[in-house]
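To start, the structure itself, in structure tokens.
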Amino acid sequence: MKKFLALVLAVMMVLAVAVSANAEWKPTKGIKAFLGYGAGGTTDNIVRPLFSVASNFLGQIINVENLSGGSGSISWAEGCEAAPDGYSLICGAETCALYDMYDLVPYTSDSVNVLMVIADTPNFLYVRKDSPYETVEDLFNAELAKPGTVLKTASGTVGINATTSAVYKAVVGVDFDAYTADSSSSAVVTVLGGFADFGFSAYANIKDYVDSGDVRILCSNSNTRIIEDIPCITEYYPEMTDFFPLNAFYCVALNPECTQDMVDTYTEALTAAYNDESFRAAMENYGVNLLGLTGQEANDYIRNFRVAAAKALINAGAINKTMADLGLE
């Protein structure tokens with residue numbers, strides 16, 4: 001009888017361990033989200049409303065920590081090196097797909113488990129209202145005539161700004177010096193203050209300035225008109241058609257060593273938040289393309305961006321890498 005009871009007890013313990021191992025993971029304390037750009041920028045303005053809603057589904061608050069620097073790479077690296085306990089989310093923009101191309105940090109979008117590509121957005125080239133440049137051709141011709149005299153602003157030296165500039169250099173031969181800002185919103189202020197001649201931005205960040213007349217948009221960096229009365233750059237330079245569109249994107253990721261049930265819990269919560277009416281309302285007039293990609297779709301989207309960006313940067317001589325070096329053959 002004792003042997004029988006011992007056997008039953010042993011079986012029950014094994015079953016208990018198995019049930020525990022397969023139980024759905026839920027956070028029991030606050031969650032930290034690493035974000036490598038300043039408050040008020042496009043990435044910040046997209047992830048905060050999403051996290052606000054997702055917190056309701058998770059039952060725990062997601063606290064966003066803004067840590068600017070290195071085109072978001074410093075924060076990205078900190079997130080990748082945090083303990084894989086499920087309490088650290090890693091937020092990024094398209095720059096996270098390019099860090100290895102510039103040897104900034106030993107982590108990229110390939111180093112994490114991407115939970116969701118939330119949205120993407122085309123970029124517009126803008127100037128302040130009293131700028132002498134009426135068209136993008138005027139701006140390019142001024143730089144070609146006197147190299148180094150036209151200054152751009154950029155929120156970091158990597159990402160859509162650098163990649164778009166590489167296309168400009170490859171096709172037109174312009175190579176603009178840059179004034180670096182810590183976020184897309186502060187980049188606009190840099191142009192308005194006269195510290196730079198032009199910038200790139202998602203429409204949401206400059207819409208109010210456009211409406212007030214303080215900013216003029218010269219073109220969209222795209223192959224087709226996104227806003228009816230704003231030309232796309234390929235209307236001036238058809239040779240750029242093969243490079244565009246190159247949209248900025250915004251994503252949330254998790255340390256790849258986190259368990260699958262952690263991934264599932266966050267994916268479920270983020271998807272529910274993404275589909276929630278309050279998040280949709282927050283994004284309604286923000287000028288982004290909502291995507292909500294998860295799983296393989298998210299990975300495929302980022303890889304396609306990496307391939308297009310790498311080709312542009314290599315062709316422009318902006319990086320000393322090959323497609324093989326980057327694992328993109």
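Residues are named by chain letter and number: chains run A, B, ... in the order of the structure tokens, numbers start at 1 in each chain, and ligands are numbered from 1 in the order shown.
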
Give me the residues within 9 Å of Ile217 in chain A as a ChimeraX atom specification, counting only C-alpha atoms and dropping any in the same chain fewer than 6 places off.
/A:124-128,135,206,210,230

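Backbone DSSP assigns strand (DSSP E) in range 257-309 of chain A to Asn289, Leu290, Leu291, Gly292 and Leu293 of chain A.
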
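Between Thr164 in chain A and the residues A:Asn247, A:Gln296, A:Thr149, A:Asn205, the shortest atom-to-atom distance, using only C-alpha atoms, involves A:Asn247.
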
If we count only C-alpha atoms and set the cut-off at 9 Å, which residues sit around range 57-59 of chain A, ignoring sequence neighbours fewer than 5 positions away in its own chain? Please answer as a PDB file with all heavy atoms, in the first residue's frame.
ATOM      1  N   LYS A  26       1.261  35.135 -17.174  1.00  0.00           N
ATOM      2  CA  LYS A  26       0.691  36.464 -16.987  1.00  0.00           C
ATOM      3  C   LYS A  26       1.655  37.298 -16.136  1.00  0.00           C
ATOM      4  O   LYS A  26       2.211  36.792 -15.162  1.00  0.00           O
ATOM      5  CB  LYS A  26      -0.660  36.378 -16.259  1.00  0.00           C
ATOM      6  CG  LYS A  26      -1.786  35.789 -17.084  1.00  0.00           C
ATOM      7  CD  LYS A  26      -2.228  36.735 -18.185  1.00  0.00           C
ATOM      8  CE  LYS A  26      -3.456  36.202 -18.899  1.00  0.00           C
ATOM      9  NZ  LYS A  26      -3.868  37.100 -20.015  1.00  0.00           N
ATOM     10  N   PRO A  27       1.862  38.563 -16.495  1.00  0.00           N
ATOM     11  CA  PRO A  27       2.735  39.407 -15.673  1.00  0.00           C
ATOM     12  C   PRO A  27       2.084  39.693 -14.329  1.00  0.00           C
ATOM     13  O   PRO A  27       0.870  39.873 -14.232  1.00  0.00           O
ATOM     14  CB  PRO A  27       2.880  40.676 -16.513  1.00  0.00           C
ATOM     15  CG  PRO A  27       1.647  40.719 -17.356  1.00  0.00           C
ATOM     16  CD  PRO A  27       1.322  39.293 -17.660  1.00  0.00           C
ATOM     17  N   THR A  28       2.908  39.746 -13.299  1.00  0.00           N
ATOM     18  CA  THR A  28       2.396  40.011 -11.950  1.00  0.00           C
ATOM     19  C   THR A  28       2.948  41.302 -11.369  1.00  0.00           C
ATOM     20  O   THR A  28       2.735  41.603 -10.192  1.00  0.00           O
ATOM     21  CB  THR A  28       2.754  38.842 -11.009  1.00  0.00           C
ATOM     22  OG1 THR A  28       4.184  38.668 -10.995  1.00  0.00           O
ATOM     23  CG2 THR A  28       2.087  37.552 -11.473  1.00  0.00           C
ATOM     24  N   LYS A  29       3.661  42.052 -12.173  1.00  0.00           N
ATOM     25  CA  LYS A  29       4.207  43.344 -11.743  1.00  0.00           C
ATOM     26  C   LYS A  29       4.345  44.254 -12.967  1.00  0.00           C
ATOM     27  O   LYS A  29       4.088  43.825 -14.099  1.00  0.00           O
ATOM     28  CB  LYS A  29       5.556  43.165 -11.059  1.00  0.00           C
ATOM     29  CG  LYS A  29       6.630  42.566 -11.966  1.00  0.00           C
ATOM     30  CD  LYS A  29       7.956  42.405 -11.218  1.00  0.00           C
ATOM     31  CE  LYS A  29       9.042  41.844 -12.134  1.00  0.00           C
ATOM     32  NZ  LYS A  29      10.344  41.699 -11.453  1.00  0.00           N
ATOM     33  N   THR A 265       1.233  35.642 -24.698  1.00  0.00           N
ATOM     34  CA  THR A 265       0.486  36.576 -23.847  1.00  0.00           C
ATOM     35  C   THR A 265       0.586  38.004 -24.393  1.00  0.00           C
ATOM     36  O   THR A 265      -0.420  38.715 -24.495  1.00  0.00           O
ATOM     37  CB  THR A 265       1.014  36.528 -22.405  1.00  0.00           C
ATOM     38  OG1 THR A 265       0.693  35.255 -21.842  1.00  0.00           O
ATOM     39  CG2 THR A 265       0.391  37.622 -21.556  1.00  0.00           C
ATOM     40  N   TYR A 266       1.789  38.428 -24.730  1.00  0.00           N
ATOM     41  CA  TYR A 266       1.962  39.787 -25.234  1.00  0.00           C
ATOM     42  C   TYR A 266       1.339  39.962 -26.625  1.00  0.00           C
ATOM     43  O   TYR A 266       0.728  41.000 -26.913  1.00  0.00           O
ATOM     44  CB  TYR A 266       3.444  40.146 -25.282  1.00  0.00           C
ATOM     45  CG  TYR A 266       3.982  40.609 -23.948  1.00  0.00           C
ATOM     46  CD1 TYR A 266       4.972  39.883 -23.288  1.00  0.00           C
ATOM     47  CD2 TYR A 266       3.507  41.765 -23.342  1.00  0.00           C
ATOM     48  CE1 TYR A 266       5.464  40.297 -22.063  1.00  0.00           C
ATOM     49  CE2 TYR A 266       3.992  42.185 -22.111  1.00  0.00           C
ATOM     50  CZ  TYR A 266       4.967  41.448 -21.478  1.00  0.00           C
ATOM     51  OH  TYR A 266       5.449  41.871 -20.254  1.00  0.00           O
ATOM     52  N   GLU A 268      -1.227  38.423 -27.826  1.00  0.00           N
ATOM     53  CA  GLU A 268      -2.678  38.486 -27.629  1.00  0.00           C
ATOM     54  C   GLU A 268      -3.102  39.864 -27.102  1.00  0.00           C
ATOM     55  O   GLU A 268      -4.068  40.457 -27.593  1.00  0.00           O
ATOM     56  CB  GLU A 268      -3.113  37.395 -26.664  1.00  0.00           C
ATOM     57  CG  GLU A 268      -4.613  37.354 -26.412  1.00  0.00           C
ATOM     58  CD  GLU A 268      -5.012  36.252 -25.446  1.00  0.00           C
ATOM     59  OE1 GLU A 268      -4.228  35.300 -25.270  1.00  0.00           O
ATOM     60  OE2 GLU A 268      -6.109  36.355 -24.858  1.00  0.00           O
ATOM     61  N   ALA A 269      -2.357  40.385 -26.127  1.00  0.00           N
ATOM     62  CA  ALA A 269      -2.704  41.675 -25.528  1.00  0.00           C
ATOM     63  C   ALA A 269      -2.500  42.819 -26.522  1.00  0.00           C
ATOM     64  O   ALA A 269      -3.337  43.730 -26.624  1.00  0.00           O
ATOM     65  CB  ALA A 269      -1.874  41.917 -24.274  1.00  0.00           C
ATOM     66  N   LEU A 270      -1.397  42.786 -27.269  1.00  0.00           N
ATOM     67  CA  LEU A 270      -1.121  43.843 -28.242  1.00  0.00           C
ATOM     68  C   LEU A 270      -2.126  43.815 -29.390  1.00  0.00           C
ATOM     69  O   LEU A 270      -2.558  44.865 -29.886  1.00  0.00           O
ATOM     70  CB  LEU A 270       0.309  43.705 -28.787  1.00  0.00           C
ATOM     71  CG  LEU A 270       1.431  44.011 -27.794  1.00  0.00           C
ATOM     72  CD1 LEU A 270       2.784  43.635 -28.392  1.00  0.00           C
ATOM     73  CD2 LEU A 270       1.419  45.487 -27.392  1.00  0.00           C
ATOM     74  N   ALA A 272      -5.222  42.682 -29.206  1.00  0.00           N
ATOM     75  CA  ALA A 272      -6.487  43.192 -28.670  1.00  0.00           C
ATOM     76  C   ALA A 272      -6.453  44.706 -28.560  1.00  0.00           C
ATOM     77  O   ALA A 272      -7.433  45.397 -28.897  1.00  0.00           O
ATOM     78  CB  ALA A 272      -6.756  42.561 -27.302  1.00  0.00           C
ATOM     79  N   ALA A 273      -5.315  45.252 -28.113  1.00  0.00           N
ATOM     80  CA  ALA A 273      -5.180  46.703 -27.992  1.00  0.00           C
ATOM     81  C   ALA A 273      -5.205  47.372 -29.360  1.00  0.00           C
ATOM     82  O   ALA A 273      -5.832  48.430 -29.543  1.00  0.00           O
ATOM     83  CB  ALA A 273      -3.882  47.042 -27.261  1.00  0.00           C
TER      84      ALA A 273
END

Near range 66-69 of chain A, counting only C-alpha atoms, which residues have an atom at most 9 Å away, once you skip same-chain residues fewer than 3 positions from it, shown as number ranges by chain?
A: 33-39, 44, 72-75, 156, 182-183

Go ahead and write the selection's residues with N, CA and C atoms as a PDB file, in the first residue's frame.
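Okay, selection-v1.pdb is ready:
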ATOM      1  N   ALA A  33       9.165  49.264 -20.804  1.00  0.00           N
ATOM      2  CA  ALA A  33       9.316  49.306 -22.249  1.00  0.00           C
ATOM      3  C   ALA A  33      10.461  50.246 -22.606  1.00  0.00           C
ATOM      4  N   PHE A  34      11.497  49.707 -23.234  1.00  0.00           N
ATOM      5  CA  PHE A  34      12.649  50.498 -23.663  1.00  0.00           C
ATOM      6  C   PHE A  34      12.309  51.177 -24.989  1.00  0.00           C
ATOM      7  N   LEU A  35      12.462  52.497 -25.032  1.00  0.00           N
ATOM      8  CA  LEU A  35      12.162  53.250 -26.254  1.00  0.00           C
ATOM      9  C   LEU A  35      13.304  54.239 -26.506  1.00  0.00           C
ATOM     10  N   GLY A  36      13.940  54.120 -27.660  1.00  0.00           N
ATOM     11  CA  GLY A  36      15.162  54.866 -27.924  1.00  0.00           C
ATOM     12  C   GLY A  36      15.008  56.240 -28.523  1.00  0.00           C
ATOM     13  N   TYR A  37      13.838  56.845 -28.379  1.00  0.00           N
ATOM     14  CA  TYR A  37      13.615  58.194 -28.917  1.00  0.00           C
ATOM     15  C   TYR A  37      12.898  59.049 -27.880  1.00  0.00           C
ATOM     16  N   GLY A  38      13.008  60.358 -28.043  1.00  0.00           N
ATOM     17  CA  GLY A  38      12.441  61.275 -27.073  1.00  0.00           C
ATOM     18  C   GLY A  38      10.922  61.255 -27.044  1.00  0.00           C
ATOM     19  N   ALA A  39      10.377  61.706 -25.940  1.00  0.00           N
ATOM     20  CA  ALA A  39       8.921  61.816 -25.804  1.00  0.00           C
ATOM     21  C   ALA A  39       8.375  62.801 -26.830  1.00  0.00           C
ATOM     22  N   ASP A  44       7.135  57.322 -30.079  1.00  0.00           N
ATOM     23  CA  ASP A  44       6.538  57.511 -28.753  1.00  0.00           C
ATOM     24  C   ASP A  44       5.026  57.686 -28.852  1.00  0.00           C
ATOM     25  N   GLY A  72      18.558  55.377 -31.486  1.00  0.00           N
ATOM     26  CA  GLY A  72      17.758  54.386 -30.775  1.00  0.00           C
ATOM     27  C   GLY A  72      18.515  53.136 -30.379  1.00  0.00           C
ATOM     28  N   SER A  73      19.800  53.047 -30.792  1.00  0.00           N
ATOM     29  CA  SER A  73      20.548  51.804 -30.579  1.00  0.00           C
ATOM     30  C   SER A  73      20.911  51.566 -29.119  1.00  0.00           C
ATOM     31  N   ILE A  74      21.124  52.631 -28.349  1.00  0.00           N
ATOM     32  CA  ILE A  74      21.498  52.476 -26.941  1.00  0.00           C
ATOM     33  C   ILE A  74      20.361  51.809 -26.167  1.00  0.00           C
ATOM     34  N   SER A  75      19.159  52.324 -26.357  1.00  0.00           N
ATOM     35  CA  SER A  75      17.996  51.740 -25.690  1.00  0.00           C
ATOM     36  C   SER A  75      17.712  50.335 -26.194  1.00  0.00           C
ATOM     37  N   GLY A 156      18.627  61.233 -35.458  1.00  0.00           N
ATOM     38  CA  GLY A 156      19.568  60.122 -35.506  1.00  0.00           C
ATOM     39  C   GLY A 156      20.255  60.046 -36.854  1.00  0.00           C
ATOM     40  N   ASP A 182      16.984  64.698 -31.169  1.00  0.00           N
ATOM     41  CA  ASP A 182      16.711  63.461 -30.424  1.00  0.00           C
ATOM     42  C   ASP A 182      15.357  62.841 -30.733  1.00  0.00           C
ATOM     43  N   SER A 183      14.529  63.536 -31.511  1.00  0.00           N
ATOM     44  CA  SER A 183      13.237  62.974 -31.907  1.00  0.00           C
ATOM     45  C   SER A 183      12.750  63.733 -33.133  1.00  0.00           C
TER      46      SER A 183
END

So, with only C-alpha atoms as the atoms that count, which of A:Ala308, A:Val263, A:Ala82, A:Ala77 lies closest to Asn113 in chain A?
A:Val263

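Between CA of Gly70 in chain A and CA of Ala154 in chain A lies a distance of 11.9 Å.
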
Tell me, as a PyMOL selection string, which residues lie within 9 Å of Gly292 in chain A, counting only C-alpha atoms; anything in the same chain fewer than 4 positions away does not count.
chain A and resi 116-119+270-271+274-275+298
